[in-house]
Amino acid sequence: MGFTYIIEHMEEDDPTPSALPRWIELEYKQMRTLAGPDASVAFTNLSHAACASLSTAFASSSSVSSSTQQLAQTECHEQGVLALMQARGIVREQVCLLDPKSPEPLAPSDGDGNSNNADSDNAEPDAGKSKFKWFLFGGILGDDPPRDRTAELRALGFPTRHLGTVQMTTDTAVGVTKRVVVDRLLLEDIPYVDYPTIRFNARESVEMPFRYMIVPGTKDEPLLPPGMKEHLRADLDKTFDF
């Protein structure tokens with residue numbers, strides 16, 4: 001098994017039956033693909049309603065997906081990350097908090113805690129190597145303007161790394177982390193597009209105030225979650241629906 005990516009949910013419930021805004025649900029679903037089939041993605045600190053709704057959404061989308069084997073395992077928890085750590089026997093030193101204010105960038109060597117990345121299954125532990133098994137994302141990284149949602153987790157003393165200076169959406173942050181610690185790419189070697197304009201037709205478009213990875217094989221098409229462009233279009237139509 002690969003790494004576990006923890007999303008400590010810090011959004012208030014949406015006043016809808018799903019308890020989650022549509023854009024959050026789309027990003028959370030996308031994380032299963034970006035993390036890869038060897039990984040696990042755990043969503044913590046969910047309300048009872050959001051936990052039930054998200055679990056149902058994951059089960060429904062997996063049952064109709066033709067590439068379910070490519071998805072990471074998912075877990076939904078009402079408990080927070082500290083309670084889950086205690087239950088799984090994980091200590092703080094094994095958890096890397098992705099923190100925009102960290103002085104140190106995420107590096108391929110931060111993936112050395114995964115035995116799948118080791119040079120040899122019988123290699124002796126190296127005290128100089130990272131022991132990270134979990135990567136923790138605090139709140140919604142895609143706030144615009146950014147809010148320091150990570151401050152609560154930072155205060156708990158986790159080791160930290162940053163993903164660069166440009167704000168990312170949460171699913172992008174998970175995908176970038178996987179590319180670095182599993183695929184062994186440097187942050188600066190990952191193709192990005194910053195603040196892309198999503199065009200719906202000749203007259204309608206919206207600029208996204210975030211950094212995205214680029215869809216493979218394209219020049220600068222942002223890697224959006226499936227359904228996000230349609231959601232953005234519907235949102236734009238509501239803006240002008242007087």
# chains A, B, ... in the order shown; residues from 1 in each chain; ligands from 1
$ residues_around --residues "Asp183 of chain A" --least-positions-apart "3" --cutoff "10 Å" --atoms "only C-alpha atoms" --output "VMD selection string"
chain A and resid 108 111 117 176 to 180 186
$ write_last_selection --atoms "N, CA, C and O atoms" --output "JSON list (two decimals), in the first residue's frame"
[["chain", "number", "residue", "atom", "x", "y", "z"],
["A", 108, "PRO", "N", 11.27, 14.84, -3.58],
["A", 108, "PRO", "CA", 11.14, 13.40, -3.76],
["A", 108, "PRO", "C", 11.60, 12.58, -2.56],
["A", 108, "PRO", "O", 11.03, 11.53, -2.26],
["A", 111, "GLY", "N", 9.33, 11.11, 0.04],
["A", 111, "GLY", "CA", 8.61, 9.87, -0.20],
["A", 111, "GLY", "C", 9.36, 8.63, 0.23],
["A", 111, "GLY", "O", 8.90, 7.51, 0.01],
["A", 117, "ASN", "N", 8.98, 2.88, -2.39],
["A", 117, "ASN", "CA", 9.96, 3.75, -3.01],
["A", 117, "ASN", "C", 11.40, 3.44, -2.60],
["A", 117, "ASN", "O", 12.34, 4.07, -3.04],
["A", 176, "VAL", "N", -0.17, 17.08, -7.00],
["A", 176, "VAL", "CA", 1.23, 17.52, -7.03],
["A", 176, "VAL", "C", 2.05, 16.75, -5.99],
["A", 176, "VAL", "O", 3.17, 16.33, -6.27],
["A", 177, "THR", "N", 1.49, 16.56, -4.81],
["A", 177, "THR", "CA", 2.20, 15.81, -3.78],
["A", 177, "THR", "C", 2.50, 14.40, -4.26],
["A", 177, "THR", "O", 3.62, 13.89, -4.08],
["A", 178, "LYS", "N", 1.54, 13.76, -4.90],
["A", 178, "LYS", "CA", 1.76, 12.41, -5.43],
["A", 178, "LYS", "C", 2.84, 12.42, -6.49],
["A", 178, "LYS", "O", 3.71, 11.53, -6.52],
["A", 179, "ARG", "N", 2.84, 13.40, -7.38],
["A", 179, "ARG", "CA", 3.85, 13.46, -8.43],
["A", 179, "ARG", "C", 5.26, 13.59, -7.84],
["A", 179, "ARG", "O", 6.22, 13.06, -8.39],
["A", 180, "VAL", "N", 5.37, 14.29, -6.71],
["A", 180, "VAL", "CA", 6.69, 14.50, -6.10],
["A", 180, "VAL", "C", 7.13, 13.26, -5.33],
["A", 180, "VAL", "O", 8.23, 12.73, -5.54],
["A", 186, "LEU", "N", 10.65, 16.78, -9.21],
["A", 186, "LEU", "CA", 10.83, 18.01, -8.46],
["A", 186, "LEU", "C", 9.62, 18.92, -8.69],
["A", 186, "LEU", "O", 8.99, 18.88, -9.77]]
$ closest_atom_pairs --of "segment 146-223 of chain A" --to "segment 29-49 of chain A" --cutoff "8 Å" --atoms "only C-alpha atoms" --output "CSV"
residue,atom,partner,partner_atom,distance
A:Asp171,CA,A:Met31,CA,5.2
A:Val174,CA,A:Met31,CA,6.5
A:Gly175,CA,A:Leu34,CA,4.8
A:Lys178,CA,A:Ala35,CA,5.9
$ closest_residue --among "A:Ala151, A:His77, A:Trp23, A:Asp99" --to "Met228 of chain A" --atoms "only C-alpha atoms"
A:Trp23
$ select_by_dssp --residues "segment 27-233 of chain A" --states "strand (DSSP E)" --output "PDB file with all heavy atoms, in the first residue's frame"
ATOM      1  N   SER A  40      -4.341   5.743  -0.436  1.00  0.00           N
ATOM      2  CA  SER A  40      -5.601   5.889   0.291  1.00  0.00           C
ATOM      3  C   SER A  40      -5.833   7.369   0.542  1.00  0.00           C
ATOM      4  O   SER A  40      -4.895   8.103   0.852  1.00  0.00           O
ATOM      5  CB  SER A  40      -5.545   5.129   1.625  1.00  0.00           C
ATOM      6  OG  SER A  40      -6.718   5.337   2.380  1.00  0.00           O
ATOM      7  N   VAL A  41      -7.068   7.814   0.385  1.00  0.00           N
ATOM      8  CA  VAL A  41      -7.432   9.197   0.672  1.00  0.00           C
ATOM      9  C   VAL A  41      -8.488   9.176   1.771  1.00  0.00           C
ATOM     10  O   VAL A  41      -9.544   8.557   1.611  1.00  0.00           O
ATOM     11  CB  VAL A  41      -7.981   9.925  -0.566  1.00  0.00           C
ATOM     12  CG1 VAL A  41      -8.294  11.379  -0.229  1.00  0.00           C
ATOM     13  CG2 VAL A  41      -6.988   9.850  -1.722  1.00  0.00           C
ATOM     14  N   ALA A  42      -8.189   9.821   2.894  1.00  0.00           N
ATOM     15  CA  ALA A  42      -9.109   9.841   4.032  1.00  0.00           C
ATOM     16  C   ALA A  42      -9.589  11.268   4.271  1.00  0.00           C
ATOM     17  O   ALA A  42      -8.785  12.198   4.348  1.00  0.00           O
ATOM     18  CB  ALA A  42      -8.424   9.294   5.280  1.00  0.00           C
ATOM     19  N   PHE A  43     -10.894  11.416   4.378  1.00  0.00           N
ATOM     20  CA  PHE A  43     -11.514  12.709   4.642  1.00  0.00           C
ATOM     21  C   PHE A  43     -11.957  12.707   6.104  1.00  0.00           C
ATOM     22  O   PHE A  43     -12.767  11.876   6.518  1.00  0.00           O
ATOM     23  CB  PHE A  43     -12.702  12.928   3.704  1.00  0.00           C
ATOM     24  CG  PHE A  43     -12.313  12.897   2.252  1.00  0.00           C
ATOM     25  CD1 PHE A  43     -12.305  11.707   1.538  1.00  0.00           C
ATOM     26  CD2 PHE A  43     -11.921  14.060   1.603  1.00  0.00           C
ATOM     27  CE1 PHE A  43     -11.922  11.669   0.201  1.00  0.00           C
ATOM     28  CE2 PHE A  43     -11.530  14.033   0.269  1.00  0.00           C
ATOM     29  CZ  PHE A  43     -11.534  12.839  -0.431  1.00  0.00           C
ATOM     30  N   THR A  44     -11.394  13.628   6.877  1.00  0.00           N
ATOM     31  CA  THR A  44     -11.646  13.654   8.314  1.00  0.00           C
ATOM     32  C   THR A  44     -12.369  14.940   8.713  1.00  0.00           C
ATOM     33  O   THR A  44     -12.466  15.885   7.939  1.00  0.00           O
ATOM     34  CB  THR A  44     -10.321  13.551   9.094  1.00  0.00           C
ATOM     35  OG1 THR A  44      -9.438  14.607   8.677  1.00  0.00           O
ATOM     36  CG2 THR A  44      -9.636  12.215   8.828  1.00  0.00           C
ATOM     37  N   GLN A  73      -8.192   4.141  -2.669  1.00  0.00           N
ATOM     38  CA  GLN A  73      -9.190   3.794  -1.661  1.00  0.00           C
ATOM     39  C   GLN A  73      -9.597   5.065  -0.918  1.00  0.00           C
ATOM     40  O   GLN A  73      -8.781   5.974  -0.743  1.00  0.00           O
ATOM     41  CB  GLN A  73      -8.626   2.775  -0.680  1.00  0.00           C
ATOM     42  CG  GLN A  73      -8.253   1.443  -1.295  1.00  0.00           C
ATOM     43  CD  GLN A  73      -7.738   0.463  -0.253  1.00  0.00           C
ATOM     44  OE1 GLN A  73      -8.051   0.560   0.940  1.00  0.00           O
ATOM     45  NE2 GLN A  73      -6.926  -0.492  -0.701  1.00  0.00           N
ATOM     46  N   THR A  74     -10.842   5.132  -0.492  1.00  0.00           N
ATOM     47  CA  THR A  74     -11.311   6.316   0.219  1.00  0.00           C
ATOM     48  C   THR A  74     -11.953   5.941   1.549  1.00  0.00           C
ATOM     49  O   THR A  74     -12.534   4.861   1.699  1.00  0.00           O
ATOM     50  CB  THR A  74     -12.339   7.112  -0.614  1.00  0.00           C
ATOM     51  OG1 THR A  74     -13.393   6.234  -1.038  1.00  0.00           O
ATOM     52  CG2 THR A  74     -11.683   7.737  -1.828  1.00  0.00           C
ATOM     53  N   GLU A  75     -11.813   6.845   2.498  1.00  0.00           N
ATOM     54  CA  GLU A  75     -12.436   6.696   3.810  1.00  0.00           C
ATOM     55  C   GLU A  75     -13.051   8.036   4.186  1.00  0.00           C
ATOM     56  O   GLU A  75     -12.476   9.089   3.901  1.00  0.00           O
ATOM     57  CB  GLU A  75     -11.414   6.316   4.879  1.00  0.00           C
ATOM     58  CG  GLU A  75     -10.527   5.140   4.561  1.00  0.00           C
ATOM     59  CD  GLU A  75      -9.417   4.998   5.600  1.00  0.00           C
ATOM     60  OE1 GLU A  75      -9.625   5.393   6.779  1.00  0.00           O
ATOM     61  OE2 GLU A  75      -8.330   4.523   5.237  1.00  0.00           O
ATOM     62  N   CYS A  76     -14.192   7.985   4.835  1.00  0.00           N
ATOM     63  CA  CYS A  76     -14.839   9.203   5.333  1.00  0.00           C
ATOM     64  C   CYS A  76     -15.037   9.076   6.833  1.00  0.00           C
ATOM     65  O   CYS A  76     -15.570   8.067   7.314  1.00  0.00           O
ATOM     66  CB  CYS A  76     -16.188   9.414   4.635  1.00  0.00           C
ATOM     67  SG  CYS A  76     -16.069   9.638   2.852  1.00  0.00           S
ATOM     68  N   VAL A  95       3.707  12.207   9.832  1.00  0.00           N
ATOM     69  CA  VAL A  95       2.691  12.981   9.116  1.00  0.00           C
ATOM     70  C   VAL A  95       3.306  14.280   8.624  1.00  0.00           C
ATOM     71  O   VAL A  95       3.840  15.069   9.410  1.00  0.00           O
ATOM     72  CB  VAL A  95       1.487  13.285  10.025  1.00  0.00           C
ATOM     73  CG1 VAL A  95       0.423  14.077   9.248  1.00  0.00           C
ATOM     74  CG2 VAL A  95       0.878  11.996  10.575  1.00  0.00           C
ATOM     75  N   CYS A  96       3.223  14.516   7.328  1.00  0.00           N
ATOM     76  CA  CYS A  96       3.723  15.769   6.750  1.00  0.00           C
ATOM     77  C   CYS A  96       2.546  16.688   6.465  1.00  0.00           C
ATOM     78  O   CYS A  96       1.643  16.341   5.688  1.00  0.00           O
ATOM     79  CB  CYS A  96       4.482  15.476   5.458  1.00  0.00           C
ATOM     80  SG  CYS A  96       5.043  16.961   4.591  1.00  0.00           S
ATOM     81  N   LEU A  97       2.548  17.848   7.083  1.00  0.00           N
ATOM     82  CA  LEU A  97       1.518  18.856   6.850  1.00  0.00           C
ATOM     83  C   LEU A  97       1.938  19.734   5.674  1.00  0.00           C
ATOM     84  O   LEU A  97       3.001  20.344   5.695  1.00  0.00           O
ATOM     85  CB  LEU A  97       1.328  19.711   8.106  1.00  0.00           C
ATOM     86  CG  LEU A  97       0.403  20.926   7.969  1.00  0.00           C
ATOM     87  CD1 LEU A  97      -1.024  20.502   7.648  1.00  0.00           C
ATOM     88  CD2 LEU A  97       0.438  21.762   9.254  1.00  0.00           C
ATOM     89  N   LEU A  98       1.115  19.774   4.643  1.00  0.00           N
ATOM     90  CA  LEU A  98       1.383  20.657   3.512  1.00  0.00           C
ATOM     91  C   LEU A  98       0.941  22.054   3.897  1.00  0.00           C
ATOM     92  O   LEU A  98      -0.245  22.338   4.029  1.00  0.00           O
ATOM     93  CB  LEU A  98       0.664  20.158   2.268  1.00  0.00           C
ATOM     94  CG  LEU A  98       1.332  19.000   1.506  1.00  0.00           C
ATOM     95  CD1 LEU A  98       2.747  19.386   1.074  1.00  0.00           C
ATOM     96  CD2 LEU A  98       1.374  17.704   2.310  1.00  0.00           C
ATOM     97  N   TRP A 134       1.892   9.631   5.977  1.00  0.00           N
ATOM     98  CA  TRP A 134       0.668  10.376   5.704  1.00  0.00           C
ATOM     99  C   TRP A 134       1.037  11.797   5.255  1.00  0.00           C
ATOM    100  O   TRP A 134       1.997  12.390   5.762  1.00  0.00           O
ATOM    101  CB  TRP A 134      -0.204  10.485   6.948  1.00  0.00           C
ATOM    102  CG  TRP A 134      -0.887   9.213   7.368  1.00  0.00           C
ATOM    103  CD1 TRP A 134      -0.667   7.949   6.898  1.00  0.00           C
ATOM    104  CD2 TRP A 134      -1.903   9.105   8.365  1.00  0.00           C
ATOM    105  NE1 TRP A 134      -1.473   7.054   7.533  1.00  0.00           N
ATOM    106  CE2 TRP A 134      -2.253   7.731   8.445  1.00  0.00           C
ATOM    107  CE3 TRP A 134      -2.543  10.015   9.191  1.00  0.00           C
ATOM    108  CZ2 TRP A 134      -3.227   7.262   9.331  1.00  0.00           C
ATOM    109  CZ3 TRP A 134      -3.516   9.552  10.071  1.00  0.00           C
ATOM    110  CH2 TRP A 134      -3.856   8.194  10.129  1.00  0.00           C
ATOM    111  N   PHE A 135       0.252  12.336   4.348  1.00  0.00           N
ATOM    112  CA  PHE A 135       0.380  13.729   3.925  1.00  0.00           C
ATOM    113  C   PHE A 135      -0.951  14.411   4.219  1.00  0.00           C
ATOM    114  O   PHE A 135      -2.005  13.978   3.759  1.00  0.00           O
ATOM    115  CB  PHE A 135       0.775  13.817   2.450  1.00  0.00           C
ATOM    116  CG  PHE A 135       2.175  13.352   2.207  1.00  0.00           C
ATOM    117  CD1 PHE A 135       2.435  12.019   1.911  1.00  0.00           C
ATOM    118  CD2 PHE A 135       3.249  14.227   2.329  1.00  0.00           C
ATOM    119  CE1 PHE A 135       3.744  11.568   1.724  1.00  0.00           C
ATOM    120  CE2 PHE A 135       4.559  13.786   2.142  1.00  0.00           C
ATOM    121  CZ  PHE A 135       4.796  12.456   1.842  1.00  0.00           C
ATOM    122  N   LEU A 136      -0.868  15.472   5.004  1.00  0.00           N
ATOM    123  CA  LEU A 136      -2.052  16.118   5.576  1.00  0.00           C
ATOM    124  C   LEU A 136      -2.306  17.469   4.930  1.00  0.00           C
ATOM    125  O   LEU A 136      -1.392  18.295   4.816  1.00  0.00           O
ATOM    126  CB  LEU A 136      -1.842  16.286   7.087  1.00  0.00           C
ATOM    127  CG  LEU A 136      -2.881  17.087   7.878  1.00  0.00           C
ATOM    128  CD1 LEU A 136      -4.261  16.453   7.796  1.00  0.00           C
ATOM    129  CD2 LEU A 136      -2.421  17.209   9.340  1.00  0.00           C
ATOM    130  N   PHE A 137      -3.542  17.670   4.527  1.00  0.00           N
ATOM    131  CA  PHE A 137      -3.964  18.929   3.903  1.00  0.00           C
ATOM    132  C   PHE A 137      -5.026  19.559   4.792  1.00  0.00           C
ATOM    133  O   PHE A 137      -6.074  18.956   5.044  1.00  0.00           O
ATOM    134  CB  PHE A 137      -4.524  18.669   2.495  1.00  0.00           C
ATOM    135  CG  PHE A 137      -3.554  17.966   1.600  1.00  0.00           C
ATOM    136  CD1 PHE A 137      -3.403  16.588   1.666  1.00  0.00           C
ATOM    137  CD2 PHE A 137      -2.764  18.678   0.707  1.00  0.00           C
ATOM    138  CE1 PHE A 137      -2.488  15.921   0.858  1.00  0.00           C
ATOM    139  CE2 PHE A 137      -1.840  18.021  -0.107  1.00  0.00           C
ATOM    140  CZ  PHE A 137      -1.709  16.646  -0.020  1.00  0.00           C
ATOM    141  N   GLY A 138      -4.743  20.764   5.277  1.00  0.00           N
ATOM    142  CA  GLY A 138      -5.639  21.399   6.226  1.00  0.00           C
ATOM    143  C   GLY A 138      -6.642  22.314   5.553  1.00  0.00           C
ATOM    144  O   GLY A 138      -6.261  23.276   4.883  1.00  0.00           O
ATOM    145  N   THR A 160       6.461  20.089   8.344  1.00  0.00           N
ATOM    146  CA  THR A 160       5.761  20.766   7.254  1.00  0.00           C
ATOM    147  C   THR A 160       6.599  20.834   5.985  1.00  0.00           C
ATOM    148  O   THR A 160       7.831  20.795   6.028  1.00  0.00           O
ATOM    149  CB  THR A 160       5.374  22.200   7.653  1.00  0.00           C
ATOM    150  OG1 THR A 160       6.574  22.969   7.882  1.00  0.00           O
ATOM    151  CG2 THR A 160       4.496  22.230   8.888  1.00  0.00           C
ATOM    152  N   ARG A 161       5.896  20.947   4.860  1.00  0.00           N
ATOM    153  CA  ARG A 161       6.505  21.216   3.562  1.00  0.00           C
ATOM    154  C   ARG A 161       5.551  22.120   2.782  1.00  0.00           C
ATOM    155  O   ARG A 161       4.348  22.118   3.029  1.00  0.00           O
ATOM    156  CB  ARG A 161       6.736  19.922   2.755  1.00  0.00           C
ATOM    157  CG  ARG A 161       7.654  18.912   3.416  1.00  0.00           C
ATOM    158  CD  ARG A 161       9.099  19.356   3.420  1.00  0.00           C
ATOM    159  NE  ARG A 161       9.982  18.287   3.879  1.00  0.00           N
ATOM    160  CZ  ARG A 161      10.286  18.043   5.155  1.00  0.00           C
ATOM    161  NH1 ARG A 161       9.772  18.810   6.102  1.00  0.00           N
ATOM    162  NH2 ARG A 161      11.089  17.057   5.478  1.00  0.00           N
ATOM    163  N   TYR A 192       2.694  23.243 -15.061  1.00  0.00           N
ATOM    164  CA  TYR A 192       1.576  23.953 -14.453  1.00  0.00           C
ATOM    165  C   TYR A 192       1.027  25.001 -15.411  1.00  0.00           C
ATOM    166  O   TYR A 192       1.709  25.449 -16.338  1.00  0.00           O
ATOM    167  CB  TYR A 192       2.022  24.708 -13.191  1.00  0.00           C
ATOM    168  CG  TYR A 192       2.670  23.894 -12.099  1.00  0.00           C
ATOM    169  CD1 TYR A 192       4.036  24.029 -11.822  1.00  0.00           C
ATOM    170  CD2 TYR A 192       1.930  23.027 -11.311  1.00  0.00           C
ATOM    171  CE1 TYR A 192       4.646  23.318 -10.803  1.00  0.00           C
ATOM    172  CE2 TYR A 192       2.532  22.302 -10.286  1.00  0.00           C
ATOM    173  CZ  TYR A 192       3.881  22.456 -10.031  1.00  0.00           C
ATOM    174  OH  TYR A 192       4.476  21.742  -9.024  1.00  0.00           O
ATOM    175  N   VAL A 193      -0.177  25.422 -15.115  1.00  0.00           N
ATOM    176  CA  VAL A 193      -0.731  26.632 -15.717  1.00  0.00           C
ATOM    177  C   VAL A 193      -1.319  27.456 -14.569  1.00  0.00           C
ATOM    178  O   VAL A 193      -2.029  26.929 -13.719  1.00  0.00           O
ATOM    179  CB  VAL A 193      -1.789  26.325 -16.800  1.00  0.00           C
ATOM    180  CG1 VAL A 193      -2.933  25.472 -16.253  1.00  0.00           C
ATOM    181  CG2 VAL A 193      -2.316  27.620 -17.407  1.00  0.00           C
ATOM    182  N   ASP A 194      -0.977  28.737 -14.519  1.00  0.00           N
ATOM    183  CA  ASP A 194      -1.435  29.618 -13.446  1.00  0.00           C
ATOM    184  C   ASP A 194      -2.562  30.523 -13.946  1.00  0.00           C
ATOM    185  O   ASP A 194      -2.473  31.099 -15.033  1.00  0.00           O
ATOM    186  CB  ASP A 194      -0.280  30.492 -12.941  1.00  0.00           C
ATOM    187  CG  ASP A 194       0.826  29.677 -12.298  1.00  0.00           C
ATOM    188  OD1 ASP A 194       0.571  28.513 -11.920  1.00  0.00           O
ATOM    189  OD2 ASP A 194       1.956  30.194 -12.182  1.00  0.00           O
ATOM    190  N   THR A 197      -7.867  30.828 -17.926  1.00  0.00           N
ATOM    191  CA  THR A 197      -9.198  31.295 -18.298  1.00  0.00           C
ATOM    192  C   THR A 197      -9.969  30.132 -18.912  1.00  0.00           C
ATOM    193  O   THR A 197      -9.508  29.513 -19.875  1.00  0.00           O
ATOM    194  CB  THR A 197      -9.112  32.445 -19.309  1.00  0.00           C
ATOM    195  OG1 THR A 197      -8.456  33.563 -18.680  1.00  0.00           O
ATOM    196  CG2 THR A 197     -10.501  32.886 -19.764  1.00  0.00           C
ATOM    197  N   ILE A 198     -11.102  29.820 -18.321  1.00  0.00           N
ATOM    198  CA  ILE A 198     -11.962  28.756 -18.828  1.00  0.00           C
ATOM    199  C   ILE A 198     -12.997  29.392 -19.741  1.00  0.00           C
ATOM    200  O   ILE A 198     -13.825  30.201 -19.288  1.00  0.00           O
ATOM    201  CB  ILE A 198     -12.665  27.994 -17.684  1.00  0.00           C
ATOM    202  CG1 ILE A 198     -11.647  27.584 -16.606  1.00  0.00           C
ATOM    203  CG2 ILE A 198     -13.423  26.792 -18.227  1.00  0.00           C
ATOM    204  CD1 ILE A 198     -10.560  26.668 -17.099  1.00  0.00           C
ATOM    205  N   ARG A 199     -12.973  29.053 -21.017  1.00  0.00           N
ATOM    206  CA  ARG A 199     -13.874  29.668 -21.997  1.00  0.00           C
ATOM    207  C   ARG A 199     -15.031  28.717 -22.300  1.00  0.00           C
ATOM    208  O   ARG A 199     -14.830  27.536 -22.583  1.00  0.00           O
ATOM    209  CB  ARG A 199     -13.116  30.013 -23.271  1.00  0.00           C
ATOM    210  CG  ARG A 199     -11.994  31.013 -23.044  1.00  0.00           C
ATOM    211  CD  ARG A 199     -11.425  31.577 -24.335  1.00  0.00           C
ATOM    212  NE  ARG A 199     -10.344  32.518 -24.046  1.00  0.00           N
ATOM    213  CZ  ARG A 199     -10.528  33.784 -23.698  1.00  0.00           C
ATOM    214  NH1 ARG A 199     -11.778  34.258 -23.601  1.00  0.00           N
ATOM    215  NH2 ARG A 199      -9.497  34.575 -23.452  1.00  0.00           N
ATOM    216  N   SER A 205     -16.587  33.492 -20.279  1.00  0.00           N
ATOM    217  CA  SER A 205     -15.403  32.824 -19.744  1.00  0.00           C
ATOM    218  C   SER A 205     -15.271  33.182 -18.267  1.00  0.00           C
ATOM    219  O   SER A 205     -15.916  34.114 -17.778  1.00  0.00           O
ATOM    220  CB  SER A 205     -14.137  33.242 -20.503  1.00  0.00           C
ATOM    221  OG  SER A 205     -13.880  34.623 -20.325  1.00  0.00           O
ATOM    222  N   VAL A 206     -14.418  32.453 -17.571  1.00  0.00           N
ATOM    223  CA  VAL A 206     -14.137  32.747 -16.173  1.00  0.00           C
ATOM    224  C   VAL A 206     -12.663  32.466 -15.910  1.00  0.00           C
ATOM    225  O   VAL A 206     -12.117  31.484 -16.401  1.00  0.00           O
ATOM    226  CB  VAL A 206     -15.034  31.909 -15.226  1.00  0.00           C
ATOM    227  CG1 VAL A 206     -14.809  30.417 -15.432  1.00  0.00           C
ATOM    228  CG2 VAL A 206     -14.786  32.283 -13.767  1.00  0.00           C
ATOM    229  N   GLU A 207     -12.024  33.370 -15.178  1.00  0.00           N
ATOM    230  CA  GLU A 207     -10.617  33.165 -14.819  1.00  0.00           C
ATOM    231  C   GLU A 207     -10.533  32.483 -13.470  1.00  0.00           C
ATOM    232  O   GLU A 207     -11.154  32.921 -12.499  1.00  0.00           O
ATOM    233  CB  GLU A 207      -9.862  34.493 -14.779  1.00  0.00           C
ATOM    234  CG  GLU A 207      -8.382  34.314 -14.463  1.00  0.00           C
ATOM    235  CD  GLU A 207      -7.606  35.616 -14.437  1.00  0.00           C
ATOM    236  OE1 GLU A 207      -7.386  36.189 -15.523  1.00  0.00           O
ATOM    237  OE2 GLU A 207      -7.234  36.056 -13.331  1.00  0.00           O
ATOM    238  N   ARG A 211      -3.394  27.786  -9.315  1.00  0.00           N
ATOM    239  CA  ARG A 211      -2.461  27.013 -10.136  1.00  0.00           C
ATOM    240  C   ARG A 211      -3.032  25.610 -10.328  1.00  0.00           C
ATOM    241  O   ARG A 211      -3.538  24.984  -9.393  1.00  0.00           O
ATOM    242  CB  ARG A 211      -1.095  26.932  -9.459  1.00  0.00           C
ATOM    243  CG  ARG A 211      -0.161  25.867 -10.034  1.00  0.00           C
ATOM    244  CD  ARG A 211       1.243  25.967  -9.469  1.00  0.00           C
ATOM    245  NE  ARG A 211       1.946  27.110 -10.079  1.00  0.00           N
ATOM    246  CZ  ARG A 211       3.201  27.445  -9.798  1.00  0.00           C
ATOM    247  NH1 ARG A 211       3.886  26.754  -8.893  1.00  0.00           N
ATOM    248  NH2 ARG A 211       3.759  28.479 -10.395  1.00  0.00           N
ATOM    249  N   TYR A 212      -2.902  25.098 -11.561  1.00  0.00           N
ATOM    250  CA  TYR A 212      -3.341  23.742 -11.881  1.00  0.00           C
ATOM    251  C   TYR A 212      -2.210  22.993 -12.577  1.00  0.00           C
ATOM    252  O   TYR A 212      -1.365  23.597 -13.245  1.00  0.00           O
ATOM    253  CB  TYR A 212      -4.544  23.768 -12.840  1.00  0.00           C
ATOM    254  CG  TYR A 212      -5.805  24.325 -12.254  1.00  0.00           C
ATOM    255  CD1 TYR A 212      -6.064  25.699 -12.287  1.00  0.00           C
ATOM    256  CD2 TYR A 212      -6.751  23.489 -11.673  1.00  0.00           C
ATOM    257  CE1 TYR A 212      -7.228  26.218 -11.750  1.00  0.00           C
ATOM    258  CE2 TYR A 212      -7.927  24.001 -11.138  1.00  0.00           C
ATOM    259  CZ  TYR A 212      -8.156  25.371 -11.181  1.00  0.00           C
ATOM    260  OH  TYR A 212      -9.314  25.883 -10.651  1.00  0.00           O
ATOM    261  N   MET A 213      -2.235  21.688 -12.459  1.00  0.00           N
ATOM    262  CA  MET A 213      -1.409  20.877 -13.344  1.00  0.00           C
ATOM    263  C   MET A 213      -2.031  20.916 -14.737  1.00  0.00           C
ATOM    264  O   MET A 213      -3.223  21.212 -14.895  1.00  0.00           O
ATOM    265  CB  MET A 213      -1.329  19.438 -12.828  1.00  0.00           C
ATOM    266  CG  MET A 213      -0.550  19.296 -11.538  1.00  0.00           C
ATOM    267  SD  MET A 213      -0.232  17.558 -11.081  1.00  0.00           S
ATOM    268  CE  MET A 213      -1.890  16.994 -10.722  1.00  0.00           C
TER     269      MET A 213
END
$ residues_around --residues "Arg92 of chain A" --least-positions-apart "6" --cutoff "12 Å" --atoms "only C-alpha atoms" --output "MDAnalysis selection string"
chainID A and resid 81:86 131:136 153:154 156:160
$ select_by_dssp --residues "segment 2-36 of chain A" --states "helix (DSSP H, G or I)" --output "ChimeraX atom specification"
/A:22-35
